[in-house]
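What follows is the content of data33.pdb, which has PDB, C-alpha atoms and all ligand atoms:
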```
ATOM      1  CA  MET A 252     -14.289  -3.385   3.209
ATOM      2  CA  LEU A 253     -10.879  -4.545   4.468
ATOM      3  CA  GLU A 254     -11.051  -5.952   7.948
ATOM      4  CA  GLY A 255      -8.624  -7.515  10.371
ATOM      5  CA  ARG A 256     -10.283  -9.449  13.180
ATOM      6  CA  LYS A 257      -8.392 -10.275  16.365
ATOM      7  CA  LEU A 258      -5.073 -10.603  14.567
ATOM      8  CA  THR A 259      -2.166 -12.019  16.518
ATOM      9  CA  VAL A 260       1.382 -12.395  15.193
ATOM     10  CA  ARG A 261       4.225 -13.961  17.153
ATOM     11  CA  TYR A 262       7.861 -13.948  16.117
ATOM     12  CA  ASP A 263       9.839 -16.524  18.123
ATOM     13  CA  GLY A 264       7.736 -15.960  21.210
ATOM     14  CA  PHE A 265       7.654 -12.163  20.797
ATOM     15  CA  THR A 266       4.114 -10.895  20.268
ATOM     16  CA  ALA A 267       4.196  -8.256  17.509
ATOM     17  CA  LEU A 268       0.398  -8.079  17.194
ATOM     18  CA  ASP A 269      -1.875  -8.959  20.067
ATOM     19  CA  GLY A 270      -5.501  -9.414  19.033
ATOM     20  CA  VAL A 271      -5.734  -6.378  16.770
ATOM     21  CA  SER A 272      -9.061  -5.608  15.101
ATOM     22  CA  VAL A 273      -9.288  -2.876  12.467
ATOM     23  CA  THR A 274     -11.838  -1.901   9.835
ATOM     24  CA  LEU A 275     -10.619   0.000   6.797
ATOM     25  CA  ALA A 276     -13.746   1.286   5.105
ATOM     26  CA  GLN A 277     -14.299   1.592   1.385
ATOM     27  CA  GLY A 278     -13.844   5.058  -0.101
ATOM     28  CA  MET A 279     -11.813   6.251   2.862
ATOM     29  CA  VAL A 280      -8.251   6.851   3.917
ATOM     30  CA  THR A 281      -7.603   5.055   7.203
ATOM     31  CA  GLY A 282      -4.502   6.285   9.004
ATOM     32  CA  LEU A 283      -2.415   4.079  11.257
ATOM     33  CA  ILE A 284      -0.032   5.759  13.673
ATOM     34  CA  GLY A 285       2.113   4.625  16.567
ATOM     35  CA  PRO A 286       5.720   4.562  17.759
ATOM     36  CA  ASN A 287       8.435   2.427  16.159
ATOM     37  CA  GLY A 288       7.924  -1.243  16.838
ATOM     38  CA  ALA A 289       4.174  -0.830  17.503
ATOM     39  CA  GLY A 290       3.346  -3.436  14.850
ATOM     40  CA  LYS A 291       2.120  -1.185  12.034
ATOM     41  CA  SER A 292       4.146  -2.787   9.237
ATOM     42  CA  THR A 293       3.347  -6.223  10.614
ATOM     43  CA  LEU A 294      -0.368  -5.411  10.490
ATOM     44  CA  PHE A 295      -0.045  -4.318   6.842
ATOM     45  CA  SER A 296       1.890  -7.491   6.048
ATOM     46  CA  VAL A 297      -0.906  -9.576   7.538
ATOM     47  CA  LEU A 298      -3.573  -7.645   5.631
ATOM     48  CA  ALA A 299      -1.581  -7.940   2.384
ATOM     49  CA  GLY A 300      -0.782 -11.612   2.953
ATOM     50  CA  SER A 301       3.010 -11.697   3.316
ATOM     51  CA  VAL A 302       2.792 -12.591   7.019
ATOM     52  CA  VAL A 303       0.451 -15.340   8.175
ATOM     53  CA  PRO A 304      -1.147 -14.545  11.553
ATOM     54  CA  SER A 305      -1.008 -17.092  14.364
ATOM     55  CA  ALA A 306      -4.622 -16.189  15.084
ATOM     56  CA  GLY A 307      -7.341 -14.026  13.607
ATOM     57  CA  THR A 308      -8.991 -13.412  10.268
ATOM     58  CA  VAL A 309      -8.596 -11.044   7.326
ATOM     59  CA  VAL A 310     -11.772 -10.215   5.415
ATOM     60  CA  PHE A 311     -11.770  -8.313   2.117
ATOM     61  CA  GLY A 312     -14.983  -7.403   0.332
ATOM     62  CA  GLY A 313     -16.886  -9.809   2.575
ATOM     63  CA  GLU A 314     -14.601 -12.730   1.752
ATOM     64  CA  ASP A 315     -12.261 -14.489   4.198
ATOM     65  CA  ILE A 316      -8.846 -14.115   2.552
ATOM     66  CA  THR A 317      -6.701 -15.135   5.546
ATOM     67  CA  SER A 318      -5.147 -18.073   3.734
ATOM     68  CA  ARG A 319      -4.755 -16.401   0.352
ATOM     69  CA  PRO A 320      -1.218 -15.496  -0.775
ATOM     70  CA  PRO A 321      -0.322 -11.883  -1.696
ATOM     71  CA  VAL A 322      -0.585 -12.519  -5.460
ATOM     72  CA  GLN A 323      -4.183 -13.641  -5.112
ATOM     73  CA  ARG A 324      -4.994 -10.653  -2.897
ATOM     74  CA  ALA A 325      -3.486  -8.378  -5.544
ATOM     75  CA  ARG A 326      -5.750  -9.997  -8.132
ATOM     76  CA  LEU A 327      -8.705  -9.217  -5.893
ATOM     77  CA  GLY A 328      -7.667  -5.556  -5.954
ATOM     78  CA  LEU A 329      -5.604  -5.255  -2.783
ATOM     79  CA  GLY A 330      -2.228  -3.595  -3.333
ATOM     80  CA  ARG A 331       0.547  -2.466  -1.031
ATOM     81  CA  SER A 332       3.713  -0.432  -0.956
ATOM     82  CA  PHE A 333       6.682  -1.029   1.297
ATOM     83  CA  GLN A 334       8.424   1.069   3.929
ATOM     84  CA  LEU A 335      11.599   1.005   1.842
ATOM     85  CA  SER A 336      10.809   1.784  -1.747
ATOM     86  CA  ARG A 337      11.980  -0.977  -4.000
ATOM     87  CA  ASP A 338      12.989   0.490  -7.293
ATOM     88  CA  LEU A 339      14.387  -2.273  -9.403
ATOM     89  CA  VAL A 340      18.035  -1.461  -9.813
ATOM     90  CA  GLY A 341      19.238  -1.476 -13.400
ATOM     91  CA  LEU A 342      15.805  -0.769 -14.889
ATOM     92  CA  THR A 343      14.528   2.485 -16.297
ATOM     93  CA  VAL A 344      11.622   4.383 -14.773
ATOM     94  CA  LEU A 345       9.236   3.036 -17.413
ATOM     95  CA  GLU A 346      10.546  -0.540 -17.139
ATOM     96  CA  ASN A 347       9.899  -0.397 -13.393
ATOM     97  CA  LEU A 348       6.211  -0.067 -14.216
ATOM     98  CA  LEU A 349       6.053  -2.534 -17.077
ATOM     99  CA  VAL A 350       7.468  -5.381 -14.986
ATOM    100  CA  ALA A 351       4.668  -4.828 -12.464
ATOM    101  CA  GLN A 352       2.055  -6.137 -14.888
ATOM    102  CA  PRO A 353      -0.417  -8.543 -13.435
ATOM    103  CA  GLN A 354      -0.171 -12.060 -14.800
ATOM    104  CA  ARG A 355      -3.787 -12.208 -15.825
ATOM    105  CA  ARG A 356      -4.676 -15.686 -16.910
ATOM    106  CA  LEU A 357      -6.705 -16.098 -20.028
ATOM    107  CA  GLU A 358      -8.847 -18.955 -18.888
ATOM    108  CA  GLY A 359     -11.286 -20.534 -21.225
ATOM    109  CA  VAL A 360      -9.742 -18.798 -24.196
ATOM    110  CA  GLY A 361      -9.454 -21.174 -27.098
ATOM    111  CA  ALA A 362      -7.061 -20.646 -29.979
ATOM    112  CA  ALA A 363      -3.400 -19.778 -29.416
ATOM    113  CA  LEU A 364      -3.751 -17.116 -32.081
ATOM    114  CA  PHE A 365      -6.461 -15.349 -30.129
ATOM    115  CA  ARG A 366      -4.362 -15.691 -26.994
ATOM    116  CA  ARG A 367      -1.410 -13.968 -28.652
ATOM    117  CA  GLN A 368      -3.634 -11.149 -29.787
ATOM    118  CA  ALA A 369      -5.088 -10.812 -26.294
ATOM    119  CA  VAL A 370      -1.573 -10.650 -24.833
ATOM    120  CA  ARG A 371      -0.605  -7.940 -27.330
ATOM    121  CA  GLU A 372      -3.710  -5.948 -26.477
ATOM    122  CA  GLN A 373      -2.996  -6.344 -22.769
ATOM    123  CA  GLU A 374       0.600  -5.154 -23.272
ATOM    124  CA  ALA A 375      -0.558  -2.129 -25.227
ATOM    125  CA  ARG A 376      -3.084  -1.297 -22.539
ATOM    126  CA  MET A 377      -0.445  -1.603 -19.795
ATOM    127  CA  ALA A 378       1.988   0.607 -21.739
ATOM    128  CA  GLU A 379      -0.758   3.217 -22.036
ATOM    129  CA  LEU A 380      -1.553   2.979 -18.313
ATOM    130  CA  ALA A 381       2.164   3.331 -17.450
ATOM    131  CA  ARG A 382       2.417   6.445 -19.617
ATOM    132  CA  ALA A 383      -0.712   7.977 -18.080
ATOM    133  CA  LEU A 384       0.565   7.348 -14.552
ATOM    134  CA  LEU A 385       4.039   8.736 -15.259
ATOM    135  CA  LEU A 386       2.527  11.845 -16.847
ATOM    136  CA  ARG A 387       0.356  12.300 -13.792
ATOM    137  CA  VAL A 388       3.339  12.362 -11.397
ATOM    138  CA  ASP A 389       5.584  14.293 -13.820
ATOM    139  CA  LEU A 390       7.973  11.367 -14.354
ATOM    140  CA  TRP A 391       7.176  10.717 -18.015
ATOM    141  CA  ARG A 392      10.005  13.072 -19.010
ATOM    142  CA  LEU A 393      12.346  10.711 -17.074
ATOM    143  CA  ALA A 394      10.798   7.495 -18.445
ATOM    144  CA  ASP A 395      14.040   6.293 -20.048
ATOM    145  CA  GLN A 396      16.331   7.283 -17.173
ATOM    146  CA  PRO A 397      17.566   4.639 -14.716
ATOM    147  CA  SER A 398      15.268   4.648 -11.708
ATOM    148  CA  ALA A 399      18.360   4.708  -9.480
ATOM    149  CA  ALA A 400      18.853   8.341 -10.546
ATOM    150  CA  LEU A 401      15.517   9.470  -9.046
ATOM    151  CA  SER A 402      15.225  11.507  -5.852
ATOM    152  CA  GLY A 403      13.687   9.960  -2.721
ATOM    153  CA  GLY A 404      10.357  11.627  -3.434
ATOM    154  CA  GLN A 405      10.346  10.555  -7.074
ATOM    155  CA  LYS A 406      11.128   6.976  -6.029
ATOM    156  CA  LYS A 407       8.127   7.024  -3.723
ATOM    157  CA  LEU A 408       5.917   8.296  -6.539
ATOM    158  CA  LEU A 409       7.293   5.576  -8.833
ATOM    159  CA  ASP A 410       6.665   3.014  -6.116
ATOM    160  CA  LEU A 411       3.061   4.135  -5.870
ATOM    161  CA  CYS A 412       2.686   4.044  -9.671
ATOM    162  CA  ARG A 413       3.979   0.469  -9.648
ATOM    163  CA  VAL A 414       1.238  -0.489  -7.204
ATOM    164  CA  LEU A 415      -1.286   1.345  -9.408
ATOM    165  CA  MET A 416      -0.278  -0.741 -12.447
ATOM    166  CA  LEU A 417      -2.181  -3.583 -10.794
ATOM    167  CA  GLU A 418      -5.283  -1.368 -10.851
ATOM    168  CA  PRO A 419      -6.128  -1.934  -7.187
ATOM    169  CA  ARG A 420      -9.234  -0.612  -5.487
ATOM    170  CA  PHE A 421      -7.533  -0.707  -2.104
ATOM    171  CA  ILE A 422      -3.916   0.256  -1.337
ATOM    172  CA  LEU A 423      -1.890  -0.117   1.842
ATOM    173  CA  LEU A 424       0.833   2.545   1.987
ATOM    174  CA  ASP A 425       3.678   2.064   4.449
ATOM    175  CA  GLU A 426       5.388   5.400   5.193
ATOM    176  CA  PRO A 427       5.048   7.098   1.812
ATOM    177  CA  SER A 428       6.911  10.165   3.151
ATOM    178  CA  ALA A 429       9.937   8.249   4.508
ATOM    179  CA  GLY A 430      13.155   9.330   2.816
ATOM    180  CA  VAL A 431      11.390  12.213   1.104
ATOM    181  CA  ASN A 432      12.655  15.782   1.329
ATOM    182  CA  PRO A 433      10.117  17.566   3.615
ATOM    183  CA  THR A 434       9.524  20.201   0.935
ATOM    184  CA  ARG A 435       8.319  17.454  -1.448
ATOM    185  CA  VAL A 436       5.975  15.630   0.934
ATOM    186  CA  GLY A 437       3.098  17.818  -0.260
ATOM    187  CA  GLU A 438       3.353  16.362  -3.782
ATOM    188  CA  ILE A 439       2.917  12.845  -2.465
ATOM    189  CA  THR A 440       0.046  13.958  -0.233
ATOM    190  CA  GLU A 441      -1.676  15.552  -3.241
ATOM    191  CA  PHE A 442      -1.199  12.453  -5.391
ATOM    192  CA  ILE A 443      -2.748  10.235  -2.715
ATOM    193  CA  ARG A 444      -5.574  12.710  -2.273
ATOM    194  CA  SER A 445      -6.329  12.690  -6.004
ATOM    195  CA  LEU A 446      -6.283   8.881  -6.104
ATOM    196  CA  ALA A 447      -8.674   8.806  -3.147
ATOM    197  CA  ALA A 448     -10.914  11.223  -5.050
ATOM    198  CA  ASP A 449     -10.841   8.704  -7.944
ATOM    199  CA  GLY A 450     -12.385   6.188  -5.547
ATOM    200  CA  ILE A 451      -9.347   4.202  -4.394
ATOM    201  CA  SER A 452      -9.406   3.321  -0.684
ATOM    202  CA  PHE A 453      -6.240   3.571   1.397
ATOM    203  CA  GLY A 454      -4.617   2.343   4.549
ATOM    204  CA  LEU A 455      -1.846   4.773   5.497
ATOM    205  CA  VAL A 456       0.987   4.102   7.943
ATOM    206  CA  GLU A 457       2.822   7.359   8.413
ATOM    207  CA  HIS A 458       5.078   9.129  10.924
ATOM    208  CA  ASN A 459       4.431  12.497   9.332
ATOM    209  CA  LEU A 460       1.356  13.466  11.334
ATOM    210  CA  GLY A 461       0.668  16.430   9.050
ATOM    211  CA  MET A 462       0.169  13.989   6.207
ATOM    212  CA  VAL A 463      -2.030  11.736   8.367
ATOM    213  CA  ALA A 464      -4.134  14.738   9.397
ATOM    214  CA  ALA A 465      -4.431  15.963   5.799
ATOM    215  CA  LEU A 466      -5.528  12.620   4.354
ATOM    216  CA  SER A 467      -7.183  10.415   6.962
ATOM    217  CA  ASP A 468     -10.921  10.058   7.433
ATOM    218  CA  ARG A 469     -10.285   7.800  10.387
ATOM    219  CA  VAL A 470      -7.232   6.927  12.450
ATOM    220  CA  TYR A 471      -6.067   3.998  14.549
ATOM    221  CA  ALA A 472      -3.208   4.296  17.016
ATOM    222  CA  LEU A 473      -1.181   1.189  17.734
ATOM    223  CA  ALA A 474       1.255   0.633  20.577
ATOM    224  CA  GLU A 475       3.012  -2.575  21.581
ATOM    225  CA  GLY A 476       0.906  -4.655  19.246
ATOM    226  CA  ARG A 477      -2.464  -3.331  20.372
ATOM    227  CA  VAL A 478      -4.965  -0.728  19.252
ATOM    228  CA  VAL A 479      -4.882   2.007  21.905
ATOM    229  CA  ALA A 480      -7.207   4.505  20.232
ATOM    230  CA  GLU A 481      -9.402   4.968  17.181
ATOM    231  CA  GLY A 482     -11.487   7.794  15.802
ATOM    232  CA  SER A 483     -10.871  11.122  14.119
ATOM    233  CA  PHE A 484      -7.290  12.402  13.888
ATOM    234  CA  ALA A 485      -8.082  15.052  16.503
ATOM    235  CA  ASP A 486      -9.588  12.533  18.930
ATOM    236  CA  VAL A 487      -6.793  10.025  18.549
ATOM    237  CA  THR A 488      -3.963  12.527  18.912
ATOM    238  CA  ALA A 489      -5.635  14.029  22.001
ATOM    239  CA  ASN A 490      -5.779  10.597  23.645
ATOM    240  CA  ASP A 491      -3.617  10.196  26.775
ATOM    241  CA  ASP A 492      -2.695   6.582  25.985
ATOM    242  CA  VAL A 493      -1.444   7.659  22.573
ATOM    243  CA  ALA A 494       0.653  10.460  24.058
ATOM    244  CA  ARG A 495       2.108   8.004  26.590
ATOM    245  CA  ALA A 496       2.896   5.489  23.856
ATOM    246  CA  TYR A 497       4.811   8.084  21.834
ATOM    247  CA  LEU A 498       6.667   9.406  24.864
ATOM    248  CA  GLY A 499       7.363   5.907  26.157
ATOM    249  CA  VAL A 500       6.169   6.968  29.621
ATOM    250  CA  GLY A 501       4.608   4.544  32.088
ATOM    251  CA  ALA A 502       2.712   1.463  30.946
TER     252      ALA A 502
HETATM  253  P1  LIG B 601       6.309  -0.735  13.156
HETATM  254  O1  LIG B 601       6.078  -0.853  11.689
HETATM  255  O2  LIG B 601       5.131  -0.222  13.905
HETATM  256  O3  LIG B 601       7.545   0.052  13.477
HETATM  257  P2  LIG B 601       6.827  -3.586  13.011
HETATM  258  O4  LIG B 601       5.546  -4.178  12.610
HETATM  259  O5  LIG B 601       7.866  -3.428  11.954
HETATM  260  O6  LIG B 601       6.571  -2.188  13.751
HETATM  261  O7  LIG B 601       7.477  -4.434  14.177
HETATM  262  C1  LIG B 601       6.774  -4.769  15.357
HETATM  263  C2  LIG B 601       7.675  -5.570  16.247
HETATM  264  O8  LIG B 601       7.901  -6.854  15.688
HETATM  265  C3  LIG B 601       9.062  -4.946  16.448
HETATM  266  O9  LIG B 601       9.454  -5.142  17.785
HETATM  267  C4  LIG B 601       9.928  -5.713  15.498
HETATM  268  O10 LIG B 601      11.253  -5.769  15.973
HETATM  269  C5  LIG B 601       9.278  -7.092  15.501
HETATM  270  N1  LIG B 601       9.450  -7.758  14.200
HETATM  271  C6  LIG B 601       8.998  -7.313  13.005
HETATM  272  N2  LIG B 601       9.290  -8.166  12.024
HETATM  273  C7  LIG B 601       9.926  -9.204  12.605
HETATM  274  C8  LIG B 601      10.490 -10.442  12.128
HETATM  275  N3  LIG B 601      10.426 -10.780  10.845
HETATM  276  N4  LIG B 601      11.071 -11.262  13.045
HETATM  277  C9  LIG B 601      11.137 -10.921  14.334
HETATM  278  N5  LIG B 601      10.623  -9.789  14.857
HETATM  279  C10 LIG B 601      10.034  -8.945  14.012
HETATM  280 MG    MG B 602       7.071  -0.048  10.046
END
```

Encoded form (structure tokens):
Amino acid sequence: MLEGRKLTVRYDGFTALDGVSVTLAQGMVTGLIGPNGAGKSTLFSVLAGSVVPSAGTVVFGGEDITSRPPVQRARLGLGRSFQLSRDLVGLTVLENLLVAQPQRRLEGVGAALFRRQAVREQEARMAELARALLLRVDLWRLADQPSAALSGGQKKLLDLCRVLMLEPRFILLDEPSAGVNPTRVGEITEFIRSLAADGISFGLVEHNLGMVAALSDRVYALAEGRVVAEGSFADVTANDDVARAYLGVGA
């Protein structure tokens, strides 16, 4: 459903991705592991559209989206989170979600009056969605608090809710457990699992291998800009090349 074909990314002569091909299937959680600097975030950036590859193709739902900007990909249902959660400083928890509203164009709609009504209906619908999401992650009780006051884990949940405001069918998550107290990682794992059960597909970059094992239907291991293994979590983590990549032994 989301496919990267022979993706290459160079930064000033340094090759961050070197002909990487991945298939992230619909209805699945696809894990992506590998040591720091392997190119995982770069791969997500290429799939989400914020980095343009020097070579290769991104296909989503059968359509070549390589030259589409992130906003258009989001409209097609492809969302992403970032390694560092970006709560919007100065806004409340609820406001953080309401500013994430998609700018849906009302094409072909005639009268300005009808347009205003449609906008009001859209706003009401988004407010309802925000409330439902915050209730689901137990942040509704903090809706009017500044988001800066949230814990690391709560910020990650808020971050994920912000992505969900765009009602994506596919989400790329970059290190959802980073900065989260280890005792709270389970809550994030459970939230992702329940979203996957709702039918949302995921790509998951994660250093917490317990989380990868718990969630992933399929795993890719990246090292030095290349795919070194793919398969089940057990297969990939048993792979000698993967062990070498993590230990930084040999080449
Ligand atoms: P990972 O997420 O697996 O840790 P990244 O995709 O962030 O790896 O980075 C892969 C490599 O590309 C690293 O060596 C990193 O330093 C380099 N890199 C990433 N982004 C940039 C950039 N904007 N400019 C130059 N080099 C970059
Ligand atoms: Mg990264």

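Note on the selection: in this file the PyMOL selection byres (((not hetatm)) within 7 of (chain B and resi 601)) comes out as Tyr262, Asp263, Ala267, Gly285, Pro286, Asn287, Gly288, Ala289, Gly290, Lys291, Ser292, Thr293 and Leu294 of chain A.
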
Dump C-alpha atoms for the selected residues as a CSV table (one decimal), in the frame of the given file?
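Listing of again_6.csv after writing:
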```csv
chain,number,residue,atom,x,y,z
A,262,TYR,CA,7.9,-13.9,16.1
A,263,ASP,CA,9.8,-16.5,18.1
A,267,ALA,CA,4.2,-8.3,17.5
A,285,GLY,CA,2.1,4.6,16.6
A,286,PRO,CA,5.7,4.6,17.8
A,287,ASN,CA,8.4,2.4,16.2
A,288,GLY,CA,7.9,-1.2,16.8
A,289,ALA,CA,4.2,-0.8,17.5
A,290,GLY,CA,3.3,-3.4,14.8
A,291,LYS,CA,2.1,-1.2,12.0
A,292,SER,CA,4.1,-2.8,9.2
A,293,THR,CA,3.3,-6.2,10.6
A,294,LEU,CA,-0.4,-5.4,10.5
```

| message | Neighbouring residues of stretch 397-400 of chain A were defined as those with any atom within 12 Å, considering all atoms listed in the file; residues of the same chain fewer than 2 positions away were excluded. Please report them as a ChimeraX atom specification. | response | /A:336-348,390-391,393-395,402-410

| task | Could you tell me how far atom CA of A:His458 lies from atom CA of A:Val388, in Å and to one decimal? | result | 22.6 Å

| said: I'd like the residues picked by the PyMOL selection byres (((chain A and resi 299) around 9) and not hetatm) written out as an MDAnalysis selection string, using the chain letters and numbers from the file. | reply: chainID A and resid 294:298 300:302 320:321 324:325 329:331 423

| query | Got a sec: who's within 6 Å of A:Gly270, counting only C-alpha atoms, leaving out chain neighbours fewer than 2 positions off, as a ChimeraX atom specification? | reply | /A:257-259

| request: Counting only C-alpha atoms and all ligand atoms, figure out which residue out of A:Pro427, A:Ser467, A:Asn432, A:Glu481 gets nearest to ligand MG 602 (chain B). | output: A:Pro427

| task | Let me know the residues the PyMOL selection byres (((chain A and resi 484) around 12) and not hetatm) catches in the file above, as a list in words. | result | Val280, Thr281, Gly282, Leu283, Ile284, Leu460, Gly461, Met462, Val463, Ala464, Ala465, Leu466, Ser467, Asp468, Arg469, Val470, Tyr471, Ala472, Ala480, Glu481, Gly482, Ser483, Ala485, Asp486, Val487, Thr488, Ala489, Asn490 and Val493 of chain A

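The space separating atom CA of A:Thr266 from atom CA of A:Asn459 comes to 25.8 Å.
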
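With distances taken over only C-alpha atoms and all ligand atoms, A:Leu424 is the one residue among A:Arg319, A:Gly278, A:Leu424, A:Val431 lying closest to ligand MG 602 (chain B).
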
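Checking A:Glu475, A:Asp492, A:Glu438, A:Glu457 one by one against ligand MG 602 (chain B), counting all atoms listed in the file, you find the shortest gap at A:Glu457.
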
| field | Atom-to-atom span, atom CA of A:Arg326 and atom CA of A:Glu254, Å | value | 17.4 Å

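Considering all atoms listed in the file, the residue among A:Thr440, A:Ser445, A:Ser305, A:Ser332 positioned nearest to ligand MG 602 (chain B) is A:Ser332.
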
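Shortest separation to ligand MG 602 (chain B) among A:Tyr497, A:Ala378, A:Thr434, A:Glu426 occurs at residue A:Glu426, atoms counted being only C-alpha atoms and all ligand atoms.
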
Since fewer atoms than expected are present, regenerate all heavy atoms for stretch 447-454 of chain A and write them as an mmCIF file, in the coordinates of the input.
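Contents of out.cif, freshly written:
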```
data_model
loop_
_atom_site.group_PDB
_atom_site.id
_atom_site.type_symbol
_atom_site.label_atom_id
_atom_site.label_comp_id
_atom_site.auth_asym_id
_atom_site.auth_seq_id
_atom_site.Cartn_x
_atom_site.Cartn_y
_atom_site.Cartn_z
ATOM 1 N N ALA A 447 -7.523 9.052 -4.027
ATOM 2 C CA ALA A 447 -8.674 8.806 -3.147
ATOM 3 C C ALA A 447 -9.931 9.409 -3.765
ATOM 4 O O ALA A 447 -11.011 8.810 -3.717
ATOM 5 C CB ALA A 447 -8.414 9.382 -1.755
ATOM 6 N N ALA A 448 -9.767 10.585 -4.390
ATOM 7 C CA ALA A 448 -10.914 11.223 -5.050
ATOM 8 C C ALA A 448 -11.393 10.389 -6.238
ATOM 9 O O ALA A 448 -12.569 10.412 -6.594
ATOM 10 C CB ALA A 448 -10.540 12.634 -5.504
ATOM 11 N N ASP A 449 -10.461 9.610 -6.850
ATOM 12 C CA ASP A 449 -10.841 8.704 -7.944
ATOM 13 C C ASP A 449 -11.598 7.477 -7.437
ATOM 14 O O ASP A 449 -12.055 6.665 -8.230
ATOM 15 C CB ASP A 449 -9.582 8.189 -8.675
ATOM 16 C CG ASP A 449 -8.933 9.252 -9.528
ATOM 17 O OD1 ASP A 449 -9.544 10.316 -9.735
ATOM 18 O OD2 ASP A 449 -7.796 9.018 -9.992
ATOM 19 N N GLY A 450 -11.627 7.300 -6.105
ATOM 20 C CA GLY A 450 -12.385 6.188 -5.547
ATOM 21 C C GLY A 450 -11.534 5.056 -4.985
ATOM 22 O O GLY A 450 -12.057 4.024 -4.577
ATOM 23 N N ILE A 451 -10.197 5.242 -4.974
ATOM 24 C CA ILE A 451 -9.347 4.202 -4.394
ATOM 25 C C ILE A 451 -9.325 4.379 -2.875
ATOM 26 O O ILE A 451 -9.213 5.500 -2.370
ATOM 27 C CB ILE A 451 -7.914 4.270 -4.972
ATOM 28 C CG1 ILE A 451 -7.968 4.052 -6.489
ATOM 29 C CG2 ILE A 451 -7.012 3.237 -4.308
ATOM 30 C CD1 ILE A 451 -6.616 4.166 -7.175
ATOM 31 N N SER A 452 -9.451 3.287 -2.151
ATOM 32 C CA SER A 452 -9.406 3.321 -0.684
ATOM 33 C C SER A 452 -7.972 3.087 -0.226
ATOM 34 O O SER A 452 -7.214 2.366 -0.885
ATOM 35 C CB SER A 452 -10.294 2.221 -0.099
ATOM 36 O OG SER A 452 -11.553 2.209 -0.735
ATOM 37 N N PHE A 453 -7.623 3.678 0.918
ATOM 38 C CA PHE A 453 -6.240 3.571 1.397
ATOM 39 C C PHE A 453 -6.153 3.203 2.874
ATOM 40 O O PHE A 453 -6.956 3.668 3.689
ATOM 41 C CB PHE A 453 -5.509 4.911 1.241
ATOM 42 C CG PHE A 453 -5.117 5.244 -0.177
ATOM 43 C CD1 PHE A 453 -5.973 5.978 -0.982
ATOM 44 C CD2 PHE A 453 -3.907 4.806 -0.690
ATOM 45 C CE1 PHE A 453 -5.608 6.283 -2.286
ATOM 46 C CE2 PHE A 453 -3.541 5.104 -2.002
ATOM 47 C CZ PHE A 453 -4.399 5.850 -2.799
ATOM 48 N N GLY A 454 -5.127 2.429 3.195
ATOM 49 C CA GLY A 454 -4.617 2.343 4.549
ATOM 50 C C GLY A 454 -3.290 3.066 4.527
ATOM 51 O O GLY A 454 -2.519 2.892 3.591
#
```
